[in-house]
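Engineer: I am attaching a structure below and will ask some questions about it afterwards.
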Amino acid sequence: MSRESTPGHADHPHEIEMPHASLRDYLIGFALSVVLTAIPFWLVMTMPLSAGATAAIIMGFAMAQIVVHMVFFLHMTPKAEGGWSLISLVFTIIVLGIALAGSLWVMHHLNTNMMPMPHDMNQLP
Amino acid sequence: MSTKTLAAADEELRFYDLDEHAHPEGHSTMLGFWIYLMSDCLIFAILFACYAVLGGNYAAGPAPKDLFELPLVALNTAMLLISSITFGFAVLQMQQGKVRGTQIWLAVTALFGAAFLAIELYEFRHLIHIGATPQRSAFLSAFFTLVGTHGLHVTFGIVWLITLMVQLNKHGLIAANKRRVMCLSMFWHFLDVVWIGVFTIVYLMGMLQ
């Protein structure tokens, strides 16, 4: 998948590192994605479980499917590009988590601590 | 003035980059493109955060349950997922050095991408027709911005696909074109990853509320 080590440079001066894809990877990824997509749709369309349980399950399936896409379609490995791909991904996930959780947290507090107000501002004394 | 920090004249000079090695053209393109995708990911993160905050503000207008049709969304999702694996087939053809095969699978990918866009535009047209426009409520503003930005990315992905097919026609599978195919592959699969978030959080979670 990745270049052996630095001595390889001298042998192939014009080769650049590219992830190697295989048919097997794509087929496994596709089959897993279909299953991980179909089950959430089925759960929401037929509602065999309570809304809370369904929400938790579909979020879990989404996370799993994102990992499947990363591994089988985007060929992410801890060693790709000498680890820099993974580091930038981890950094992005941290910022993403702060942005999402922070927004929800702050806005939730704003909503709950807001003084009740009439819809029509002109009615304010 | 002290000269202790300077190296002695007879000491051997040392540099940090001891092993001088070649930097072939485009050796950092893949990583650079990955970092671009990460920055794109942050754009979507902010739009998802907006949707999460504003998604419940209907302003006495329609809610997700009144608007979304899951069978249509499922069809849309299928189109994008199939286009992902057809792009995979294009990459496999490229690895075997087959120009024609690569172009054909890229064309198939573009067709599925266009089908996705057509379904999405049909949905938008329907929503606007029944009065659920972006101006109607904060929920609809956030919805159109998030889903519309994803749709715009797919549009540019299709433009790039067509450009790449022309480039392959002109120059064949040269190193630069291989690099472009791999970059677009990353872009396309990344859009599919974003769509997983969209259909889960916007459509499926919306129907549960």
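Identifiers for the structure tokens are assigned positionally: chains receive A, B, ... in sequence, residues are indexed from 1 per chain, and ligands are indexed from 1 in the order shown.
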Which residues are near segment 103-115 of chain A? Cut-off 9 Å, only C-alpha atoms, ignore same chain within fewer than 6 positions. Put them as a PyMOL selection string.
Structural biologist: chain B and resi 49-50+52-53
Engineer: At a cut-off of 7 Å, which residues of chain B touch chain A? Count only C-alpha atoms and give the answer as a PyMOL selection string.
Structural biologist: chain B and resi 21-22+24+27+31+34-35+38+42+45-46+49+53+85+88+92+186+189+193+196-197+200+204-205+208
Engineer: So, with only C-alpha atoms as the atoms that count, which of B:Ala138, B:Ala74, B:Cys41, B:Ile82 lies closest to His150 of chain B?
Structural biologist: B:Cys41
Engineer: Please determine, counting only C-alpha atoms, which residue among B:Met207, B:Leu37, B:Val147, B:Met182 has the shortest atom-to-atom distance to Lys65 of chain B.
Structural biologist: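 So, comparing all the options, the nearest one is B:Met207.
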Engineer: For Ala31 of chain A, which of B:Phe33, B:Ser84, B:Gln96, B:Ala59 is the closest residue, counting only C-alpha atoms?
Structural biologist: B:Ser84
Engineer: What does the distance between atom CA of Thr86 of chain B and atom CA of Ala107 of chain B come to in Å, to one decimal place?
Structural biologist: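 Atom CA of Ala107 of chain B lies 9.3 Å from atom CA of Thr86 of chain B.
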Engineer: To one decimal place in Å, what is the distance between atom CA of Thr102 of chain B and atom CA of Arg24 of chain A?
Structural biologist: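 Distance between the two atoms: 17.9 Å.
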Engineer: Do you have the atom CA of Trp160 of chain B-atom CA of Gly113 of chain B distance handy?
Structural biologist: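 Between these atoms lies a distance of 11.8 Å.
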Engineer: Determine which residues of segment 46-182 of chain B DSSP labels as helix (DSSP H, G or I) from the backbone of this structure, then write them out as a ChimeraX atom specification.
Structural biologist: /B:46-54,64-67,70-95,99-129,138-171,175-182
Engineer: Of the residues B:Gln209, B:Thr145, B:Asn76, B:Ser39, which is the one nearest to Trp195 of chain B, using only C-alpha atoms?
Structural biologist: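 Closest residue, counting only C-alpha atoms: B:Asn76.
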